[in-house]
>>> print(open('query_4.cif').read())   # mmCIF, C-alpha atoms
data_query
loop_
_atom_site.label_atom_id
_atom_site.label_comp_id
_atom_site.auth_asym_id
_atom_site.auth_seq_id
_atom_site.Cartn_x
_atom_site.Cartn_y
_atom_site.Cartn_z
CA MET A 1311 48.00 -26.52 40.14
CA THR A 1312 46.46 -29.91 40.89
CA PRO A 1313 42.83 -30.06 39.79
CA LEU A 1314 40.15 -30.20 42.47
CA ARG A 1315 38.12 -33.32 43.06
CA VAL A 1316 34.69 -32.03 44.01
CA ARG A 1317 31.88 -34.17 45.40
CA VAL A 1318 28.53 -32.48 44.81
CA TRP A 1319 25.14 -33.55 46.15
CA ARG A 1320 22.78 -34.53 43.35
CA GLY A 1321 19.09 -35.24 43.81
CA GLY A 1322 16.55 -34.28 46.46
CA ALA A 1323 16.33 -35.56 50.03
CA GLN A 1324 17.16 -38.95 48.51
CA GLY A 1325 20.22 -38.57 46.36
CA ALA A 1326 23.94 -39.14 46.26
CA PHE A 1327 27.22 -37.32 45.82
CA ARG A 1328 28.69 -37.20 42.32
CA GLU A 1329 32.35 -36.41 41.76
CA TYR A 1330 33.68 -33.84 39.30
CA GLU A 1331 37.16 -32.72 38.41
CA VAL A 1332 37.51 -28.95 38.33
CA PRO A 1333 40.61 -26.96 37.27
CA ARG A 1334 42.17 -25.04 40.12
CA HIS A 1335 42.76 -21.28 39.87
CA GLU A 1336 44.20 -18.62 42.09
CA SER A 1337 41.65 -16.78 44.29
CA GLN A 1338 38.98 -19.27 43.23
CA THR A 1339 35.80 -19.28 45.31
CA VAL A 1340 33.57 -22.26 46.03
CA LEU A 1341 30.87 -20.55 43.97
CA ASP A 1342 33.34 -20.37 41.05
CA VAL A 1343 33.79 -24.13 41.38
CA VAL A 1344 30.06 -24.87 41.40
CA THR A 1345 29.53 -22.47 38.47
CA HIS A 1346 32.29 -24.20 36.49
CA ILE A 1347 30.61 -27.57 37.04
CA GLN A 1348 27.25 -26.24 35.85
CA ARG A 1349 28.59 -24.35 32.85
CA ALA A 1350 31.28 -26.72 31.64
CA LEU A 1351 30.59 -30.19 33.01
CA ASP A 1352 26.97 -30.77 33.89
CA PRO A 1353 24.32 -28.18 32.95
CA SER A 1354 21.65 -30.05 34.92
CA LEU A 1355 23.18 -28.99 38.26
CA ALA A 1356 20.81 -26.76 40.24
CA TYR A 1357 22.19 -24.11 42.62
CA ARG A 1358 21.36 -20.58 43.65
CA TYR A 1359 23.28 -17.32 43.57
CA ALA A 1360 22.70 -13.71 42.63
CA CYS A 1361 25.13 -10.98 43.65
CA ARG A 1362 28.45 -12.90 43.94
CA VAL A 1363 29.74 -10.28 46.39
CA GLY A 1364 28.33 -11.27 49.78
CA MET A 1365 25.27 -9.07 49.81
CA CYS A 1366 22.26 -11.10 48.72
CA GLY A 1367 22.56 -14.17 50.94
CA SER A 1368 21.42 -16.67 48.31
CA CYS A 1369 24.49 -18.85 47.70
CA ALA A 1370 24.96 -20.55 51.08
CA MET A 1371 25.79 -24.26 50.94
CA THR A 1372 27.40 -26.90 53.12
CA VAL A 1373 31.09 -26.94 52.21
CA ASN A 1374 33.21 -29.75 53.65
CA GLY A 1375 30.58 -30.26 56.35
CA ALA A 1376 30.10 -26.64 57.45
CA PRO A 1377 27.58 -24.05 56.23
CA ARG A 1378 29.23 -21.17 54.36
CA TRP A 1379 28.50 -18.37 51.91
CA THR A 1380 30.14 -19.81 48.82
CA CYS A 1381 30.73 -16.54 46.92
CA ARG A 1382 33.10 -15.25 49.60
CA THR A 1383 34.65 -18.57 50.58
CA HIS A 1384 37.99 -19.11 48.89
CA VAL A 1385 38.79 -22.68 47.95
CA ASP A 1386 42.22 -22.27 49.60
CA LYS A 1387 40.52 -21.72 52.93
CA VAL A 1388 38.42 -24.90 52.96
CA VAL A 1389 40.06 -27.41 50.62
CA LYS A 1390 41.43 -30.63 52.12
CA ASN A 1391 43.84 -32.77 50.06
CA ASP A 1392 42.56 -31.14 46.85
CA ARG A 1393 39.05 -32.30 47.74
CA LEU A 1394 35.83 -30.38 48.31
CA GLU A 1395 32.41 -31.65 49.26
CA VAL A 1396 29.49 -29.37 48.45
CA ALA A 1397 26.00 -30.16 49.75
CA PRO A 1398 22.77 -28.22 50.32
CA LEU A 1399 22.26 -26.38 53.63
CA LYS A 1400 21.15 -28.57 56.54
CA ASN A 1401 17.87 -28.09 58.43
CA LEU A 1402 16.03 -27.07 55.24
CA PRO A 1403 14.17 -29.32 52.77
CA VAL A 1404 16.19 -29.99 49.62
CA ILE A 1405 14.40 -29.09 46.39
CA ARG A 1406 17.12 -30.36 44.06
CA ASP A 1407 20.90 -30.65 44.17
CA LEU A 1408 22.21 -27.59 46.08
CA VAL A 1409 18.89 -25.72 46.21
CA THR A 1410 16.92 -25.75 49.46
CA ASP A 1411 13.38 -24.63 50.15
CA MET A 1412 13.79 -21.54 52.34
CA ARG A 1413 10.09 -20.88 52.89
CA GLU A 1414 10.07 -22.15 56.50
CA PHE A 1415 13.20 -20.11 57.26
CA PHE A 1416 11.58 -16.85 56.11
CA ASP A 1417 8.14 -17.75 57.47
CA LYS A 1418 9.81 -17.93 60.86
CA TRP A 1419 11.05 -14.34 60.44
CA ALA A 1420 7.43 -13.32 59.92
CA ARG A 1421 6.32 -15.47 62.88
CA ALA A 1422 8.92 -13.75 65.09
CA LYS A 1423 7.28 -10.44 64.15
CA GLY A 1424 10.26 -9.47 62.03
CA GLN A 1425 8.24 -6.71 60.38
CA PHE A 1426 8.66 -3.10 61.47
CA LYS A 1427 5.39 -1.54 62.49
CA GLY A 1428 5.47 2.13 63.42
CA ALA A 1429 2.83 4.19 65.20
CA ALA A 1430 3.70 7.57 63.66
CA THR A 1431 1.57 9.16 60.94
CA ARG A 1432 2.59 11.43 58.07
CA LYS A 1433 1.62 14.37 60.27
CA ASP A 1434 4.25 13.45 62.87
CA ASP A 1435 7.79 14.76 62.73
CA PHE A 1436 10.67 12.38 61.97
CA ALA A 1437 11.73 10.18 64.85
CA ARG A 1438 15.09 11.37 66.09
CA ILE A 1439 17.26 8.44 67.13
CA SER A 1440 20.75 9.30 68.28
CA PRO A 1441 23.41 7.05 66.68
CA ALA A 1442 25.07 7.03 70.10
CA GLY A 1443 21.94 5.77 71.89
CA GLU A 1444 22.27 2.42 73.71
CA ARG A 1445 19.40 0.77 71.87
CA ARG A 1446 20.48 2.14 68.51
CA LYS A 1447 23.95 0.65 69.08
CA LEU A 1448 22.41 -2.73 69.94
CA ALA A 1449 20.28 -2.59 66.79
CA ASP A 1450 23.38 -1.70 64.74
CA ALA A 1451 25.20 -4.74 66.06
CA SER A 1452 22.64 -7.14 64.63
CA ILE A 1453 21.14 -5.30 61.66
CA GLU A 1454 23.53 -6.39 58.88
CA CYS A 1455 21.99 -9.87 58.49
CA ILE A 1456 21.72 -10.86 54.82
CA GLY A 1457 19.32 -13.77 55.43
CA CYS A 1458 21.65 -16.42 54.02
CA GLY A 1459 20.46 -19.20 56.35
CA VAL A 1460 23.98 -20.22 57.43
CA CYS A 1461 23.15 -19.77 61.14
CA TYR A 1462 19.91 -21.71 60.73
CA ALA A 1463 21.76 -24.61 59.10
CA ALA A 1464 24.44 -24.54 61.83
CA CYS A 1465 21.97 -24.61 64.75
CA ASP A 1466 21.50 -27.87 66.68
CA VAL A 1467 18.30 -26.64 68.32
CA VAL A 1468 16.71 -26.07 64.89
CA ALA A 1469 17.49 -29.72 64.10
CA TRP A 1470 15.99 -30.93 67.39
CA THR A 1471 12.90 -28.68 67.69
CA ALA A 1472 10.89 -28.21 64.50
CA GLY A 1473 9.02 -25.13 65.71
CA TYR A 1474 12.12 -23.29 66.97
CA LEU A 1475 12.32 -19.89 65.28
CA GLY A 1476 16.08 -20.11 64.84
CA PRO A 1477 18.96 -17.64 65.17
CA ALA A 1478 18.21 -15.42 62.15
CA ALA A 1479 14.56 -14.77 63.01
CA LEU A 1480 15.41 -14.15 66.66
CA ASN A 1481 18.28 -11.85 65.64
CA ARG A 1482 15.83 -9.88 63.51
CA ALA A 1483 13.37 -9.70 66.41
CA TRP A 1484 16.16 -8.39 68.66
CA THR A 1485 16.95 -5.66 66.11
CA LEU A 1486 13.33 -4.51 66.29
CA VAL A 1487 13.15 -4.81 70.08
CA ASN A 1488 15.83 -2.12 70.00
CA ASP A 1489 13.95 0.03 67.48
CA GLU A 1490 12.44 2.85 69.49
CA ARG A 1491 9.89 3.61 66.76
CA ASP A 1492 8.41 0.11 66.67
CA ALA A 1493 4.92 -0.21 68.14
CA GLN A 1494 4.45 -3.94 68.65
CA GLN A 1495 7.03 -4.61 71.35
CA ALA A 1496 4.86 -6.56 73.83
CA ALA A 1497 3.36 -8.73 71.09
CA ARG A 1498 6.84 -9.44 69.70
CA LEU A 1499 8.20 -10.47 73.10
CA ARG A 1500 5.28 -12.89 73.45
CA THR A 1501 6.08 -14.52 70.12
CA VAL A 1502 9.81 -14.89 70.74
CA ALA A 1503 9.46 -16.30 74.29
CA GLY A 1504 9.04 -19.92 75.29
CA ASP A 1505 9.99 -23.25 73.73
CA ALA A 1506 9.63 -22.01 70.13
CA GLY A 1507 11.70 -18.93 70.85
CA CYS A 1508 14.67 -17.65 72.77
CA HIS A 1509 14.26 -19.96 75.76
CA SER A 1510 15.19 -23.01 73.69
CA CYS A 1511 18.61 -21.61 72.79
CA HIS A 1512 21.40 -23.57 74.52
CA THR A 1513 24.04 -20.95 73.76
CA HIS A 1514 26.07 -23.45 71.70
CA MET A 1515 27.08 -20.41 69.61
CA SER A 1516 27.28 -22.33 66.31
CA CYS A 1517 25.34 -19.45 64.69
CA THR A 1518 27.85 -16.90 65.94
CA GLU A 1519 30.76 -19.12 64.91
CA ARG A 1520 29.41 -19.53 61.37
CA CYS A 1521 27.76 -16.16 60.60
CA PRO A 1522 29.58 -14.82 57.52
CA LYS A 1523 28.76 -11.27 58.57
CA GLN A 1524 30.33 -11.82 62.01
CA LEU A 1525 27.07 -11.05 63.77
CA SER A 1526 26.24 -12.69 67.08
CA PRO A 1527 22.68 -14.04 67.07
CA THR A 1528 23.60 -15.68 70.39
CA ALA A 1529 24.06 -12.25 71.98
CA GLY A 1530 20.74 -11.10 70.50
CA ILE A 1531 18.97 -14.20 71.84
CA ALA A 1532 20.49 -13.57 75.29
CA GLY A 1533 19.14 -10.01 75.02
CA LEU A 1534 15.70 -11.37 74.17
CA LYS A 1535 15.84 -13.64 77.23
CA ARG A 1536 16.57 -10.62 79.43
CA ALA A 1537 13.84 -8.52 77.79
CA VAL A 1538 11.28 -11.34 78.08
CA ALA A 1539 12.19 -12.01 81.72
CA ALA A 1540 11.85 -8.30 82.55
CA ALA A 1541 8.44 -8.18 80.83
CA ALA A 1542 7.32 -11.34 82.64
CA LEU A 1543 8.37 -9.97 86.03
CA LYS A 1544 6.46 -6.75 85.32
CA GLY A 1545 3.39 -8.79 84.32
CA GLU A 1546 3.54 -7.48 80.74
CA LEU A 1547 4.00 -10.80 78.99
CA MET B 23 2.18 -24.88 78.06
CA SER B 24 1.65 -21.13 77.60
CA VAL B 25 4.48 -18.78 76.69
CA ARG B 26 4.09 -17.20 80.12
CA GLY B 27 4.44 -20.61 81.77
CA GLU B 28 7.54 -21.46 79.74
CA THR B 29 9.07 -18.09 80.61
CA ARG B 30 8.40 -18.72 84.30
CA LEU B 31 10.09 -22.11 84.02
CA TRP B 32 13.14 -20.42 82.48
CA ILE B 33 13.29 -17.82 85.26
CA ALA B 34 12.87 -20.57 87.86
CA GLN B 35 15.71 -22.54 86.32
CA ARG B 36 18.04 -19.54 86.22
CA ALA B 37 17.20 -18.60 89.82
CA SER B 38 17.62 -22.17 91.08
CA ALA B 39 20.94 -22.39 89.20
CA ALA B 40 22.20 -19.36 91.10
CA VAL B 41 21.19 -20.99 94.40
CA LEU B 42 22.77 -24.30 93.35
CA ALA B 43 26.05 -22.63 92.39
CA LEU B 44 26.37 -21.41 95.97
CA CYS B 45 25.10 -24.66 97.53
CA VAL B 46 27.47 -26.86 95.51
CA ILE B 47 30.47 -24.74 96.54
CA VAL B 48 29.52 -24.92 100.23
CA HIS B 49 28.82 -28.66 99.89
CA LEU B 50 32.17 -29.40 98.20
CA VAL B 51 34.17 -27.26 100.62
CA THR B 52 32.46 -29.05 103.50
CA ILE B 53 33.32 -32.44 102.00
CA VAL B 54 36.99 -31.48 101.63
CA TYR B 55 37.01 -30.12 105.17
CA ALA B 56 35.15 -33.11 106.63
CA VAL B 57 37.39 -35.85 105.19
CA ARG B 58 40.55 -34.51 106.85
CA GLY B 59 41.86 -37.37 108.94
CA GLY B 60 39.30 -39.91 107.69
CA LEU B 61 35.55 -39.90 107.30
CA SER B 62 32.97 -41.74 109.36
CA GLY B 63 29.20 -41.80 109.51
CA ALA B 64 29.34 -40.93 113.18
CA GLU B 65 31.38 -37.83 112.43
CA ILE B 66 28.88 -36.64 109.83
CA LEU B 67 25.93 -37.26 112.13
CA ALA B 68 27.68 -35.44 114.97
CA ARG B 69 27.82 -32.38 112.75
CA THR B 70 24.31 -32.52 111.31
CA ARG B 71 22.16 -33.98 114.11
CA GLY B 72 20.08 -31.28 115.74
CA ASN B 73 21.85 -28.56 113.74
CA ALA B 74 19.20 -26.20 112.38
CA ALA B 75 21.70 -24.38 110.13
CA TRP B 76 22.61 -27.58 108.23
CA LEU B 77 18.91 -28.51 108.11
CA ALA B 78 18.10 -25.14 106.51
CA PHE B 79 21.07 -25.35 104.11
CA TYR B 80 20.29 -28.85 102.83
CA THR B 81 16.55 -28.10 102.65
CA LEU B 82 17.37 -25.16 100.37
CA PHE B 83 19.76 -27.39 98.38
CA VAL B 84 17.11 -30.09 97.87
CA LEU B 85 14.41 -27.59 96.91
CA ALA B 86 16.71 -25.92 94.36
CA ILE B 87 17.45 -29.34 92.83
CA THR B 88 13.73 -30.13 92.80
CA VAL B 89 13.11 -27.00 90.73
CA HIS B 90 16.23 -27.16 88.57
CA ALA B 91 16.61 -30.78 87.47
CA PRO B 92 13.11 -31.42 86.03
CA ILE B 93 13.21 -28.21 83.95
CA GLY B 94 16.54 -29.23 82.43
CA LEU B 95 15.25 -32.73 81.84
CA ARG B 96 12.21 -31.21 80.10
CA ALA B 97 14.42 -29.86 77.30
CA VAL B 98 16.36 -33.13 77.05
CA LEU B 99 13.15 -35.18 76.73
CA GLY B 100 11.75 -32.79 74.12
CA GLU B 101 14.87 -32.45 71.99
CA TRP B 102 16.30 -35.97 72.16
CA LEU B 103 13.20 -38.14 72.54
CA GLY B 104 10.62 -35.84 70.95
CA TRP B 105 8.48 -36.18 74.10
CA ARG B 106 6.49 -32.96 74.45
CA GLY B 107 3.09 -31.86 75.66
CA ARG B 108 1.12 -32.38 78.83
CA SER B 109 2.20 -35.98 79.46
CA ARG B 110 5.86 -34.89 79.62
CA ASP B 111 5.08 -32.08 82.08
CA LEU B 112 3.00 -34.36 84.32
CA ALA B 113 5.75 -36.99 84.32
CA LEU B 114 8.29 -34.30 85.26
CA LEU B 115 6.03 -33.02 88.01
CA ALA B 116 6.02 -36.57 89.40
CA PHE B 117 9.82 -36.68 89.04
CA ALA B 118 10.11 -33.36 90.92
CA MET B 119 7.95 -34.76 93.75
CA LEU B 120 10.13 -37.86 93.89
CA LEU B 121 13.28 -35.72 94.15
CA ALA B 122 11.69 -33.60 96.88
CA VAL B 123 10.50 -36.59 98.91
CA MET B 124 13.77 -38.53 98.63
CA GLY B 125 15.90 -35.45 99.22
CA MET B 126 13.95 -34.23 102.24
CA ARG B 127 13.88 -37.76 103.67
CA ALA B 128 17.68 -37.79 103.58
CA VAL B 129 17.87 -34.30 105.07
CA PHE B 130 15.59 -35.23 107.99
CA THR B 131 17.39 -38.54 108.51
CA VAL B 132 20.71 -36.84 109.21
CA PHE B 133 19.04 -34.11 111.27
CA ALA B 134 16.85 -36.15 113.59
#
>>> encode(input="query_4.cif", output="structure tokens")
Amino acid sequence: MTPLRVRVWRGGAQGAFREYEVPRHESQTVLDVVTHIQRALDPSLAYRYACRVGMCGSCAMTVNGAPRWTCRTHVDKVVKNDRLEVAPLKNLPVIRDLVTDMREFFDKWARAKGQFKGAATRKDDFARISPAGERRKLADASIECIGCGVCYAACDVVAWTAGYLGPAALNRAWTLVNDERDAQQAARLRTVAGDAGCHSCHTHMSCTERCPKQLSPTAGIAGLKRAVAAAALKGEL
Amino acid sequence: MSVRGETRLWIAQRASAAVLALCVIVHLVTIVYAVRGGLSGAEILARTRGNAAWLAFYTLFVLAITVHAPIGLRAVLGEWLGWRGRSRDLALLAFAMLLAVMGMRAVFTVFA
């Protein structure tokens, strides 16, 4: 097989692409390629990964211009003329090479009240939530987020509006809006409304297009818009 | 602006969009109907002058635009030019007034 010519971002916000030649293998993933470069060609390359099986959400990078989870992205699927370009995720500050600073991304989850807060005590019985319940089904549809940051990097509104919470944080908020046990619903709706929250979403659907878990943050954000509007009309916002 | 204010703007824009969807359809159908066999100013005025139904329709149309356009422009100014805060909202309020005045002037001109 023809070897791959791989351009990899080196440096911080100011940096440049450096080209490497990597042997091609069957069923090779983009993470395999980056790992080969670091282990065999240039040990100074910085990148992040942990589980290698699409669970931890730490290996997302920009591959040939689009954000992807690299551990589950086969080279065959994205390679163009035996060339790959690997860069850090967009919309996040670059620490070095392929590693971004994800603090702002996760701080926004906290800001969107992404924490579960129950009202039950140890003296209360278990909450009984039917798997067939409407809200439980809505929560199920958005709960499998692995926090990889792909949607955040794909979102135009994140690029345009610094304070915008972004698709992942809003998706998390929507999961909790549908959690019948959660006790901070009104406060959460207040934090996810307005220009920093769901109302800034233009429904471009880049997040939904790119989500490696096939979730639809766009649908969750639309749900938040409906929930916020209902609360506003009832005077509860 | 408060979260409540921004939410109200969003509701106002959605509601005005629903009104506009209807108004634009009626407006376009009327244009297609009106230009059969040529179009003249006299013909338009003959239809609109003294007609309270057209006055009410175009008043609603203008008011929906007055609500809708500045809210949309608000996002464009914020996202593309980075213009946010009170000065942007005051400028858009002035823009809304301008739309209302110019629109209603046109509506009354073809009515009276």
>>> resolve_selection(input="query_4.cif", expression="the PyMOL selection byres ((chain A and resi 1361-1371) around 6)", output="list in words")
Arg1358, Tyr1359, Ala1360, Thr1372, Pro1377, Arg1378, Trp1379, Thr1380, Cys1381, Pro1398, Leu1399, Ile1456, Gly1457 and Cys1458 of chain A
>>> interface_residues(input="query_4.cif", of="chain A", to="chain B", cutoff="12 Å", atoms="all atoms listed in the file", output="ChimeraX atom specification")
/A:1466-1474,1497-1512,1534-1547
>>> resolve_selection(input="query_4.cif", expression="the PyMOL selection byres ((chain A and resi 1438-1455) around 8)", output="PDB file with C-alpha atoms, keeping the file's coordinate frame")
ATOM      1  CA  PHE A1436      10.670  12.380  61.970  1.00  0.00           C
ATOM      2  CA  ALA A1437      11.730  10.180  64.850  1.00  0.00           C
ATOM      3  CA  ILE A1456      21.720 -10.860  54.820  1.00  0.00           C
ATOM      4  CA  GLY A1457      19.320 -13.770  55.430  1.00  0.00           C
ATOM      5  CA  CYS A1458      21.650 -16.420  54.020  1.00  0.00           C
ATOM      6  CA  ALA A1478      18.210 -15.420  62.150  1.00  0.00           C
ATOM      7  CA  ASN A1481      18.280 -11.850  65.640  1.00  0.00           C
ATOM      8  CA  ARG A1482      15.830  -9.880  63.510  1.00  0.00           C
ATOM      9  CA  TRP A1484      16.160  -8.390  68.660  1.00  0.00           C
ATOM     10  CA  THR A1485      16.950  -5.660  66.110  1.00  0.00           C
ATOM     11  CA  LEU A1486      13.330  -4.510  66.290  1.00  0.00           C
ATOM     12  CA  ASN A1488      15.830  -2.120  70.000  1.00  0.00           C
ATOM     13  CA  ASP A1489      13.950   0.030  67.480  1.00  0.00           C
ATOM     14  CA  GLU A1490      12.440   2.850  69.490  1.00  0.00           C
ATOM     15  CA  LYS A1523      28.760 -11.270  58.570  1.00  0.00           C
ATOM     16  CA  LEU A1525      27.070 -11.050  63.770  1.00  0.00           C
ATOM     17  CA  SER A1526      26.240 -12.690  67.080  1.00  0.00           C
ATOM     18  CA  PRO A1527      22.680 -14.040  67.070  1.00  0.00           C
ATOM     19  CA  GLY A1530      20.740 -11.100  70.500  1.00  0.00           C
TER      20      GLY A1530
END
>>> resolve_selection(input="query_4.cif", expression="the PyMOL selection byres ((chain B and resi 134) around 9)", output="ChimeraX atom specification")
/B:70-72,129-133
>>> closest_residue(input="query_4.cif", among="B:Ala40, B:Val57, B:Leu112, B:Val84", to="B:Arg96", atoms="all atoms listed in the file")
B:Leu112
>>> atom_distance(input="query_4.cif", atom1="atom CA of B:Leu44", atom2="atom CA of B:Ile66")
20.7 Å
>>> residues_around(input="query_4.cif", residues="stretch 1312-1329 of chain A", least_positions_apart="3", cutoff="7 Å", atoms="all atoms listed in the file", output="ChimeraX atom specification")
/A:1332-1334,1392-1397,1404-1408
>>> residues_around(input="query_4.cif", residues="B:Ala56", least_positions_apart="5", cutoff="9 Å", atoms="all atoms listed in the file", output="ChimeraX atom specification")
/B:51,61,65-66
>>> atom_distance(input="query_4.cif", atom1="atom CA of B:Thr88", atom2="atom CA of B:Leu121")
5.8 Å
>>> closest_residue(input="query_4.cif", among="B:Ile87, B:Thr81, B:Trp76, B:Ala122", to="B:Thr52", atoms="all atoms listed in the file")
B:Trp76
>>> atom_distance(input="query_4.cif", atom1="atom CA of A:Tyr1357", atom2="atom CA of A:Val1409")
5.1 Å
>>> residues_around(input="query_4.cif", residues="A:Val1385", least_positions_apart="4", cutoff="9 Å", atoms="only C-alpha atoms", output="list in words")
Arg1334, Glu1336, Ser1337, Gln1338, Thr1339, Val1340, Val1343, Val1389 and Leu1394 of chain A
>>> write_last_selection(input="query_4.cif", atoms="C-alpha atoms", output="PDB file, keeping the file's coordinate frame")
ATOM      1  CA  ARG A1334      42.170 -25.040  40.120  1.00  0.00           C
ATOM      2  CA  GLU A1336      44.200 -18.620  42.090  1.00  0.00           C
ATOM      3  CA  SER A1337      41.650 -16.780  44.290  1.00  0.00           C
ATOM      4  CA  GLN A1338      38.980 -19.270  43.230  1.00  0.00           C
ATOM      5  CA  THR A1339      35.800 -19.280  45.310  1.00  0.00           C
ATOM      6  CA  VAL A1340      33.570 -22.260  46.030  1.00  0.00           C
ATOM      7  CA  VAL A1343      33.790 -24.130  41.380  1.00  0.00           C
ATOM      8  CA  VAL A1389      40.060 -27.410  50.620  1.00  0.00           C
ATOM      9  CA  LEU A1394      35.830 -30.380  48.310  1.00  0.00           C
TER      10      LEU A1394
END
>>> decode(input="query_4.cif", residues="stretch 98-116 of chain B", atoms="C-alpha atoms", output="short mmCIF file (atom, residue, chain, number, x, y, z; two decimals), in the first residue's frame")
data_model
loop_
_atom_site.label_atom_id
_atom_site.label_comp_id
_atom_site.auth_asym_id
_atom_site.auth_seq_id
_atom_site.Cartn_x
_atom_site.Cartn_y
_atom_site.Cartn_z
CA VAL B 98 -26.26 39.45 12.70
CA LEU B 99 -24.72 42.57 14.30
CA GLY B 100 -23.63 40.59 17.37
CA GLU B 101 -22.18 37.59 15.56
CA TRP B 102 -20.60 39.22 12.52
CA LEU B 103 -19.62 42.67 13.79
CA GLY B 104 -19.29 41.89 17.50
CA TRP B 105 -21.68 44.78 18.24
CA ARG B 106 -23.51 43.91 21.46
CA GLY B 107 -24.90 45.68 24.49
CA ARG B 108 -27.23 48.61 25.00
CA SER B 109 -25.98 50.70 22.06
CA ARG B 110 -26.90 47.91 19.62
CA ASP B 111 -30.41 47.56 21.10
CA LEU B 112 -31.03 51.32 21.01
CA ALA B 113 -29.84 51.50 17.40
CA LEU B 114 -32.18 48.63 16.51
CA LEU B 115 -35.06 50.31 18.31
CA ALA B 116 -34.42 53.35 16.10
#
